[in-house]
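J.: Please see the structure below; I have some questions.
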Amino acid sequence: MVGRDGELARVTRLLDDALAGRGRLVLCTGEAGIGKTRLAEELTAAAAAGGVPVAWARAADRGGSPPYGLWRLVLDEPAVRGDAGGGSRPDLWSQVFGDAERPALTAGADSGSAQRFALFAEVRRRLAEAAGPGGLLLVLDDLQWADEASAVLLTDLVRQLHGTRILVFASYRSSPGAGDETLLRLSAEANADRVDLHGLAAPAIGDLLRAAGLPASADQVDEVYSQTDGNPFLVRELT
């Protein structure tokens, strides 16, 4: 990974804070191809090297996902199910969410029912259990595609992260000046930190060009930047 040393150092410090009992949400934003997932991969590698369990879920197209679809994926992750070592446990999805036809899933994100309250509490309990004494890194990729019910459950979880050993790293595709309601709501939470990724600076572009065996003069770097705005994916495609 090139040009993201500062961002990686920051999220690694936040992981260390979470492992010390100061759970947080890291909301990593930026345009497509800017390096959000790549940063998550580096953080995951750092966590794994320290023996921290990692659960990773990627949101699907919002129109094709059932309510709480993102959390179905989370609860199916070995680190959360508790069977990463080869053992078996009862299916958490059926225990937590029950029959997909029950009102808890179909009532919608605005329902204030006792069912939803109990549902959210049980998901929090499962994650805290998964974290145990060693902590937990939960990566939610492409959060912009998550269904509204999943986003509401995440907001509830973020409000209860203080005092846990859980770091939630959520990548969120956004454009400059975007005012998405979910992004604004999560950004406003006290237990949330924003890491906004922008285009690479000239030295990092030069490093990418040299790594590809191409000239990296000042003029060449300027030309690449003018065509890509420093977007790492576009820089690599152009090289």
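By convention here, the chains of the structure tokens are called A, B, ... in the order presented, each chain's residues are numbered starting at 1, and ligands are numbered starting at 1 in the order presented.
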What lies within 12 Å of A:Ala192 using only C-alpha atoms, ignoring chain neighbours under 2 positions off, as a ChimeraX atom specification?
T.: /A:11,14,18,22-28,154-155,157-162,167-170,183-190,194-195
J.: Please indicate the distance in Å from atom CA of A:Gly33 to atom CA of A:Trp145, rounded to one decimal place.
T.: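 Those two atoms sit 15.8 Å apart.
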J.: Would you tabulate, counting only C-alpha atoms, all residues of stretch 102-208 of chain A that have an atom at most 10 Å from an atom of stretch 54-63 of chain A, showing the closest pair of atoms and their distance in Å to one decimal, sorted by chain then ascending number, as CSV?
T.:
```
residue,atom,partner,partner_atom,distance
A:Ala130,CA,A:Ala55,CA,9.8
A:Ala131,CA,A:Val54,CA,9.4
A:Gly135,CA,A:Val54,CA,9.1
A:Leu136,CA,A:Val54,CA,5.9
A:Leu137,CA,A:Val54,CA,4.8
A:Leu138,CA,A:Ala55,CA,4.9
A:Val139,CA,A:Trp56,CA,4.7
A:Leu140,CA,A:Ala57,CA,5.2
A:Asp141,CA,A:Arg58,CA,4.5
A:Asp142,CA,A:Ala59,CA,5.6
A:Leu143,CA,A:Ala59,CA,5.8
A:Gln144,CA,A:Ala59,CA,7.7
A:Trp145,CA,A:Arg62,CA,4.8
A:Ala146,CA,A:Ala59,CA,5.1
A:Asp147,CA,A:Arg62,CA,5.1
A:Glu148,CA,A:Arg62,CA,8.3
A:Ser150,CA,A:Ala59,CA,9.4
A:Leu167,CA,A:Val54,CA,9.8
A:Val168,CA,A:Ala55,CA,9.6
A:Phe169,CA,A:Trp56,CA,9.4
A:Ala170,CA,A:Arg58,CA,9.5
A:Ser171,CA,A:Arg58,CA,9.4
```
J.: Would you save the residues of that selection, restricted to N, CA and C atoms, as a PDB file, in the first residue's frame?
T.:
```
ATOM      1  N   ALA A 130     -18.144 -12.647  21.190  1.00  0.00           N
ATOM      2  CA  ALA A 130     -17.112 -12.974  20.206  1.00  0.00           C
ATOM      3  C   ALA A 130     -15.818 -12.234  20.497  1.00  0.00           C
ATOM      4  N   ALA A 131     -15.945 -10.997  20.990  1.00  0.00           N
ATOM      5  CA  ALA A 131     -14.752 -10.206  21.295  1.00  0.00           C
ATOM      6  C   ALA A 131     -13.996 -10.807  22.469  1.00  0.00           C
ATOM      7  N   GLY A 135     -10.562  -9.123  22.044  1.00  0.00           N
ATOM      8  CA  GLY A 135     -11.038  -8.096  21.133  1.00  0.00           C
ATOM      9  C   GLY A 135     -11.604  -8.669  19.847  1.00  0.00           C
ATOM     10  N   LEU A 136     -12.150  -7.781  19.031  1.00  0.00           N
ATOM     11  CA  LEU A 136     -12.748  -8.164  17.757  1.00  0.00           C
ATOM     12  C   LEU A 136     -12.659  -6.998  16.789  1.00  0.00           C
ATOM     13  N   LEU A 137     -12.220  -7.275  15.570  1.00  0.00           N
ATOM     14  CA  LEU A 137     -12.279  -6.303  14.482  1.00  0.00           C
ATOM     15  C   LEU A 137     -13.402  -6.719  13.549  1.00  0.00           C
ATOM     16  N   LEU A 138     -14.379  -5.841  13.392  1.00  0.00           N
ATOM     17  CA  LEU A 138     -15.505  -6.095  12.497  1.00  0.00           C
ATOM     18  C   LEU A 138     -15.405  -5.140  11.319  1.00  0.00           C
ATOM     19  N   VAL A 139     -15.211  -5.678  10.114  1.00  0.00           N
ATOM     20  CA  VAL A 139     -15.101  -4.869   8.903  1.00  0.00           C
ATOM     21  C   VAL A 139     -16.408  -4.963   8.124  1.00  0.00           C
ATOM     22  N   LEU A 140     -17.015  -3.814   7.872  1.00  0.00           N
ATOM     23  CA  LEU A 140     -18.236  -3.730   7.073  1.00  0.00           C
ATOM     24  C   LEU A 140     -17.890  -2.968   5.802  1.00  0.00           C
ATOM     25  N   ASP A 141     -17.776  -3.675   4.699  1.00  0.00           N
ATOM     26  CA  ASP A 141     -17.335  -3.073   3.444  1.00  0.00           C
ATOM     27  C   ASP A 141     -18.539  -2.648   2.611  1.00  0.00           C
ATOM     28  N   ASP A 142     -18.369  -1.547   1.865  1.00  0.00           N
ATOM     29  CA  ASP A 142     -19.438  -1.025   0.988  1.00  0.00           C
ATOM     30  C   ASP A 142     -20.728  -0.765   1.761  1.00  0.00           C
ATOM     31  N   LEU A 143     -20.591  -0.093   2.884  1.00  0.00           N
ATOM     32  CA  LEU A 143     -21.752   0.157   3.740  1.00  0.00           C
ATOM     33  C   LEU A 143     -22.826   0.970   3.041  1.00  0.00           C
ATOM     34  N   GLN A 144     -22.452   1.729   2.003  1.00  0.00           N
ATOM     35  CA  GLN A 144     -23.454   2.541   1.304  1.00  0.00           C
ATOM     36  C   GLN A 144     -24.557   1.682   0.680  1.00  0.00           C
ATOM     37  N   TRP A 145     -24.302   0.386   0.480  1.00  0.00           N
ATOM     38  CA  TRP A 145     -25.303  -0.498  -0.122  1.00  0.00           C
ATOM     39  C   TRP A 145     -26.155  -1.211   0.922  1.00  0.00           C
ATOM     40  N   ALA A 146     -25.866  -1.018   2.193  1.00  0.00           N
ATOM     41  CA  ALA A 146     -26.601  -1.752   3.227  1.00  0.00           C
ATOM     42  C   ALA A 146     -28.066  -1.319   3.262  1.00  0.00           C
ATOM     43  N   ASP A 147     -28.947  -2.274   3.572  1.00  0.00           N
ATOM     44  CA  ASP A 147     -30.365  -1.948   3.734  1.00  0.00           C
ATOM     45  C   ASP A 147     -30.543  -1.063   4.957  1.00  0.00           C
ATOM     46  N   GLU A 148     -31.647  -0.335   4.988  1.00  0.00           N
ATOM     47  CA  GLU A 148     -31.872   0.643   6.047  1.00  0.00           C
ATOM     48  C   GLU A 148     -31.924  -0.004   7.423  1.00  0.00           C
ATOM     49  N   SER A 150     -30.316  -2.620   8.457  1.00  0.00           N
ATOM     50  CA  SER A 150     -28.946  -2.913   8.881  1.00  0.00           C
ATOM     51  C   SER A 150     -28.237  -1.653   9.350  1.00  0.00           C
ATOM     52  N   LEU A 167     -13.663  -2.983  17.536  1.00  0.00           N
ATOM     53  CA  LEU A 167     -13.480  -1.901  16.578  1.00  0.00           C
ATOM     54  C   LEU A 167     -14.260  -2.258  15.332  1.00  0.00           C
ATOM     55  N   VAL A 168     -15.176  -1.400  14.942  1.00  0.00           N
ATOM     56  CA  VAL A 168     -15.922  -1.560  13.698  1.00  0.00           C
ATOM     57  C   VAL A 168     -15.292  -0.642  12.661  1.00  0.00           C
ATOM     58  N   PHE A 169     -14.809  -1.223  11.575  1.00  0.00           N
ATOM     59  CA  PHE A 169     -14.259  -0.451  10.464  1.00  0.00           C
ATOM     60  C   PHE A 169     -15.247  -0.561   9.322  1.00  0.00           C
ATOM     61  N   ALA A 170     -15.887   0.548   8.966  1.00  0.00           N
ATOM     62  CA  ALA A 170     -16.896   0.551   7.913  1.00  0.00           C
ATOM     63  C   ALA A 170     -16.441   1.432   6.762  1.00  0.00           C
ATOM     64  N   SER A 171     -16.359   0.859   5.574  1.00  0.00           N
ATOM     65  CA  SER A 171     -16.022   1.655   4.396  1.00  0.00           C
ATOM     66  C   SER A 171     -17.315   2.151   3.752  1.00  0.00           C
TER      67      SER A 171
END
```
J.: Write out as a PyMOL selection string the residues lying within 6 Å of A:Arg173, counting only C-alpha atoms and excluding same-chain residues fewer than 4 positions away.
T.: chain A and resi 29-31
J.: May I have the selected residues written with N, CA and C atoms, as a compact mmCIF listing (two decimals), in the first residue's frame?
T.:
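File produced: result-v5.txt:
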```txt
# COMPACT_ATOMS: atom_id res chain seq x y z
N THR A 29 -14.29 6.90 4.41
CA THR A 29 -15.08 7.36 3.27
C THR A 29 -14.17 7.80 2.12
N GLY A 30 -14.77 7.84 0.95
CA GLY A 30 -14.05 8.29 -0.24
C GLY A 30 -14.69 7.71 -1.49
N GLU A 31 -14.27 8.21 -2.63
CA GLU A 31 -14.84 7.76 -3.89
C GLU A 31 -14.40 6.35 -4.22
```
J.: Please measure the separation of atom CA of A:Arg236 and atom CA of A:Leu8, giving the value in Å to one decimal.
T.: 20.2 Å
J.: Which of stretch 11-222 of chain A counts as helix (DSSP H, G or I) under DSSP, as a PyMOL selection string please?
T.: chain A and resi 11-19+36-49+62-64+69-75+78-81+92-97+103-106+114-131+143-145+148-159+181-187+202-211+218-222
J.: With only C-alpha atoms as the basis for distance, which of A:Leu209, A:Asp17, A:Ser113, A:Ala151 is at the shortest distance from A:Gly230?
T.: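 Answer, going by the shortest atom-to-atom distance: A:Leu209.
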J.: Atom CA of A:Arg10 to atom CA of A:Ser226: how many Å, to one decimal?
T.: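 Separation between atom CA of A:Arg10 and atom CA of A:Ser226: 28.4 Å.
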J.: Using DSSP assignments from the backbone, pull out every residue in stretch 8-199 of chain A that falls under strand (DSSP E or B) and give it to me as a ChimeraX atom specification.
T.: /A:22,24-30,54-58,136-141,162,166-173,192-196
J.: Select, from A:Leu127, A:Ala40, A:Ala47, A:Val52, the residue with the minimum atom-to-atom distance to A:Val74, counting only C-alpha atoms.
T.: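 Selected residue with least distance to A:Val74: A:Leu127.
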